[in-house]
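Have a look at the structure below before the remarks.
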Amino acid sequence: MDHKTEMLQRVPLFARFGRNELEQVSRLVDEIDVPAGQELLSQGAFAQEFFVISDGSVRVERDGKVIRSLGPGDFLGEIALLDGGKRTASATAEVPSRLLVLGHREFHSLLDKFPSVRTAVLEGLAARVRHLMPDLEN
């Protein structure tokens with residue numbers, strides 16, 4: 001198993017995948033290193049990528065207000081890719097970080113090919129909505 005496939009194996013989004021599935025996903029993603037302070041997403045911009053944090057941390061802001069910090073295993077950028085709209089938040093690497101990146105076409109290919117990823121992304125999205133709107137907990 002190569003390094004990228006091993007990293008994918010540790011990401012909760014792909015936790016239920018077998019070796020063959022992980023290797024297929026590995027072919028779709030690029031692995032990048034970004035310095036602290038690099039902006040990954042810009043609120044209001046149209047979406048092109050989906051990110052999974054392999055190492056490091058990413059600060060997410062909406063309207064200039066920090067709404068959360070994400071770390072290894074977390075993912076971001078899925079909302080605009082799902083609906084084809086603009087980014088709902090900005091995101092910046094807080095420390096030097098290693099990310100797995102899927103482009104728009106690859107992201108949708110992944111969702112079509114692996115229903116378990118589609119389910120995991122939707123569950124993650126629902127958890128974020130609940131976090132941002134605590135009154136929905138009831």
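Labels for the structure tokens follow display order: chains A, B, ..., residues from 1 in each chain, ligands from 1.
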Item checked: Who sits within 12 Å of Phe46 (chain A), only C-alpha atoms, same chain under 6 positions skipped, as JSON, numbers by chain -> {"A": [77, 78, 79, 80, 81, 82, 83, 84, 85, 86, 87, 88, 89, 90, 104]}
Could you list, as an mmCIF file with N, CA and C atoms, in the first residue's frame, every residue within 7 Å of Glu94 (chain A), counting only C-alpha atoms and ignoring same-chain residues fewer than 6 positions away?
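File produced: part.cif:
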```cif
data_model
loop_
_atom_site.group_PDB
_atom_site.id
_atom_site.type_symbol
_atom_site.label_atom_id
_atom_site.label_comp_id
_atom_site.auth_asym_id
_atom_site.auth_seq_id
_atom_site.Cartn_x
_atom_site.Cartn_y
_atom_site.Cartn_z
ATOM 1 N N ALA A 36 1.425 27.506 6.511
ATOM 2 C CA ALA A 36 0.524 28.216 7.416
ATOM 3 C C ALA A 36 0.127 29.526 6.754
ATOM 4 N N GLY A 37 -1.139 29.875 6.872
ATOM 5 C CA GLY A 37 -1.628 31.132 6.316
ATOM 6 C C GLY A 37 -2.171 31.030 4.896
ATOM 7 N N SER A 57 -3.938 21.740 10.602
ATOM 8 C CA SER A 57 -5.249 22.252 10.995
ATOM 9 C C SER A 57 -5.648 23.406 10.082
ATOM 10 N N VAL A 58 -6.950 23.560 9.944
ATOM 11 C CA VAL A 58 -7.525 24.567 9.060
ATOM 12 C C VAL A 58 -8.582 25.348 9.830
ATOM 13 N N ARG A 59 -8.496 26.676 9.756
ATOM 14 C CA ARG A 59 -9.468 27.564 10.400
ATOM 15 C C ARG A 59 -10.562 27.899 9.379
#
```
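Of the residues listed (A:Glu49, A:Gln38, A:Pro12, A:Glu6), A:Glu49 shows the shortest atom-to-atom separation from Glu106 (chain A); distances use only C-alpha atoms.
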Check: For Ala15 (chain A), which residue out of A:Val101, A:Ser116, A:Leu41, A:Asp55 is the nearest one, using only C-alpha atoms?
Finding: A:Ser116
Note to self: Neighbouring residues of Thr5 (chain A) were defined as those with any atom within 12 Å, considering only C-alpha atoms; residues of the same chain fewer than 3 positions away were excluded. Please report them as a ChimeraX atom specification.
What the structure shows: /A:1-2,8-11,14-15,17-31,54,100
Checklist line | DSSP strand (DSSP E) residues within chain A, as a PyMOL selection string | finding: chain A and resi 30-34+39-41+49-55+58-62+65-70+75-76+90-93+97-103
Margin query: Calculated over only C-alpha atoms, which of the candidates A:Lys65, A:Thr119, A:Phe51, A:Val34 has the smallest distance to Leu102 (chain A)?
Written below: A:Phe51
Note to self: Quick one: residues within 10 Å of Arg68 (chain A), only C-alpha atoms, excluding same-chain residues fewer than 4 positions away - as a PyMOL selection string?
What the structure shows: chain A and resi 58-62+91+128+131-132
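For the pair CA of Asp112 (chain A) and CA of Arg98 (chain A), the separation is 25.8 Å.
If you look at CA of Pro35 (chain A) and CA of Asp74 (chain A), they are 17.9 Å away from each other.
If you measure from each of A:Ala93, A:Leu70, A:Asp63, A:Phe75 to Leu40 (chain A) using only C-alpha atoms, the closest one turns out to be A:Ala93.
The interatomic distance for the pair CA of Pro72 (chain A) and CA of Val129 (chain A) works out to 20.1 Å.
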